[in-house]
Amino acid sequence: VKSSEKTPLTALFLARLIQEAGFPPGVVNVLSGYGHDCGKALAKHPAVDKIAFTGSSDVGHDIVSYSAATKLKRITLELGGKSALIVCDDAVLDQAADAAHEGLFSNQGECCSASSRIFVHTNIYDTFVQKCVDRAKGIRMGIDQGPQIDEIQFERILGYISSGMREGATCVLGGKRWGDIGYFIEPTVFTNVKDDMKIAREEIFGPVMQLLRFDTIEEAIQRANASKYGLAAGVYSTSISKAIGIAKRLQAGTVWVNCYNHFDPAAPFGGFKESGWGREKGQYALDNYTETKTIEFPVNHYDGTSGSSEVK
């Protein structure tokens, strides 16, 4: 395990628990270090047969390049996302607003499958916006929402917020730092977001919600798929046939219907396009760590004579 340089202590604590549990030495090894030296060395080393990486799409490209330069080792990648949540005009709005809220603001928005592009039918748009704003106003800073991981991410998120304002989106809540200690950012909600805006195209990885209008289901599907990412998506509708029909056409590895960010150990998880290669969890995950081998041999036709084993 090579931990993120931003969160090394949890991996080291896990290593201590593994040791206390009695794992034989060498079964699990933990490395702490920066990606540009420690991670790169792992990806390039010829003795490493398999790499599983979770992180940004840019670093995923680097790992593929490093691995190809030495061994063509097997790689699985769980990368970035800009996941679409489509709220139809027949959705149960309180249920959908709860999902949009949890899907975006959980873990300070630092979640690869965050519902960061919320497409809302124009007939319910204003009502739904108010429900989302009301829920975001109820977030207790320091209790429900913690600080961003570090100063780099903190400044990056504030940069995206400034970009959204410059490009014409309406910031109806938040939009700035909270307090003067720690890397806290106010829960932020943008309305009147357009597809070509930076906040609608790039992964923010922070507590910044984007609410976009749509008029037809076909339009919503096309716009949801018009992203380089394809990690996850969601659909809210009281018509299960409509919801499943939409889910089948969304270019995403996981599509949640009338729920969001629900995970099951048996359900494969992974992305399309720039969101990664391979799947985690379920039987599909085991395939990433096994090699298929074929062994062929001739069949001996026993003719009934004692001691005979001649191949015929």
# chains A, B, ... in the order shown; residues from 1 in each chain; ligands from 1
call {"tool": "closest_atom_pairs", "arguments": {"of": "range 51-133 of chain A", "to": "range 237-250 of chain A", "cutoff": "12 Å", "atoms": "only C-alpha atoms", "output": "CSV"}}
result
residue,atom,partner,partner_atom,distance
A:Ser83,CA,A:Leu250,CA,10.4
A:Ala84,CA,A:Leu250,CA,9.1
A:Leu85,CA,A:Leu250,CA,10.5
A:Ile86,CA,A:Ser237,CA,8.7
A:Val87,CA,A:Ser237,CA,6.8
A:Cys88,CA,A:Ser237,CA,5.5
A:Asp89,CA,A:Ser237,CA,7.4
A:Asp90,CA,A:Ser237,CA,5.5
A:Ala91,CA,A:Ser237,CA,4.2
A:Val92,CA,A:Thr238,CA,7.0
A:Leu93,CA,A:Ser237,CA,9.3
A:Gln95,CA,A:Ser237,CA,10.3
A:Ala96,CA,A:Ser237,CA,8.8
A:Val120,CA,A:Ser237,CA,11.3
A:His121,CA,A:Ser237,CA,11.0
call {"tool": "residues_around", "arguments": {"residues": "range 55-66 of chain A", "least_positions_apart": "2", "cutoff": "8 Å", "atoms": "only C-alpha atoms", "output": "ChimeraX atom specification"}}
result
/A:40,43-44,53,68-70,75,77-80,274-276
call {"tool": "closest_atom_pairs", "arguments": {"of": "range 20-139 of chain A", "to": "range 210-224 of chain A", "cutoff": "12 Å", "atoms": "only C-alpha atoms", "output": "CSV"}}
result
residue,atom,partner,partner_atom,distance
A:Gly81,CA,A:Ala224,CA,11.9
A:Lys82,CA,A:Ala224,CA,9.3
A:Ser83,CA,A:Ala224,CA,8.0
A:Ala84,CA,A:Ala224,CA,5.7
A:Leu85,CA,A:Ala224,CA,8.3
A:Ile86,CA,A:Ala220,CA,7.1
A:Val87,CA,A:Phe214,CA,9.4
A:Cys88,CA,A:Ile217,CA,7.9
A:Asp89,CA,A:Asp215,CA,9.7
A:Asp90,CA,A:Ile217,CA,11.9
A:Ala97,CA,A:Leu211,CA,11.3
A:Ala100,CA,A:Leu211,CA,9.9
A:His101,CA,A:Gln210,CA,11.1
A:Gly103,CA,A:Gln210,CA,12.0
A:Leu104,CA,A:Gln210,CA,9.4
A:Phe105,CA,A:Gln210,CA,11.6
A:Ala114,CA,A:Gln210,CA,11.1
A:Ser115,CA,A:Gln210,CA,8.9
A:Ser116,CA,A:Gln210,CA,6.1
A:Arg117,CA,A:Gln210,CA,5.5
A:Ile118,CA,A:Leu211,CA,4.9
A:Phe119,CA,A:Leu212,CA,4.8
A:Val120,CA,A:Arg213,CA,5.1
A:His121,CA,A:Phe214,CA,5.0
A:Thr122,CA,A:Arg213,CA,5.5
A:Asn123,CA,A:Asp215,CA,8.1
A:Ile124,CA,A:Arg213,CA,9.3
A:Tyr125,CA,A:Arg213,CA,6.7
A:Asp126,CA,A:Arg213,CA,9.6
A:Thr127,CA,A:Leu211,CA,11.9
A:Phe128,CA,A:Leu211,CA,9.3
A:Val129,CA,A:Leu211,CA,7.4
A:Gln130,CA,A:Leu211,CA,11.0
A:Lys131,CA,A:Leu211,CA,11.8
A:Cys132,CA,A:Leu211,CA,9.3
A:Val133,CA,A:Leu211,CA,10.7
call {"tool": "select_by_dssp", "arguments": {"residues": "range 32-153 of chain A", "states": "helix (DSSP H, G or I)", "output": "NGL selection string"}}
result
:A and (35-44 or 57-68 or 93-109 or 125-137 or 151-153)
call {"tool": "select_by_dssp", "arguments": {"residues": "range 45-275 of chain A", "states": "strand (DSSP E or B)", "output": "JSON, numbers by chain"}}
result
{"A": [50, 51, 52, 53, 54, 74, 75, 76, 77, 78, 84, 85, 86, 87, 117, 118, 119, 120, 121, 141, 145, 170, 171, 172, 173, 177, 185, 188, 189, 190, 191, 208, 209, 210, 211, 212, 213, 214, 229, 230, 232, 233, 234, 235, 236, 254, 255, 256, 257, 269, 272, 273]}
call {"tool": "atom_distance", "arguments": {"atom1": "CA of Cys112 in chain A", "atom2": "CA of Gly270 in chain A"}}
result
10.5 Å
call {"tool": "closest_residue", "arguments": {"among": "A:Thr191, A:Lys281, A:Thr170, A:Cys111", "to": "Gly206 in chain A", "atoms": "only C-alpha atoms"}}
result
A:Cys111
call {"tool": "atom_distance", "arguments": {"atom1": "CA of Ser227 in chain A", "atom2": "CA of Glu202 in chain A"}}
result
9.0 Å
call {"tool": "closest_residue", "arguments": {"among": "A:Ala252, A:Leu17, A:Val299, A:Ile161", "to": "Ala232 in chain A", "atoms": "only C-alpha atoms"}}
result
A:Ala252
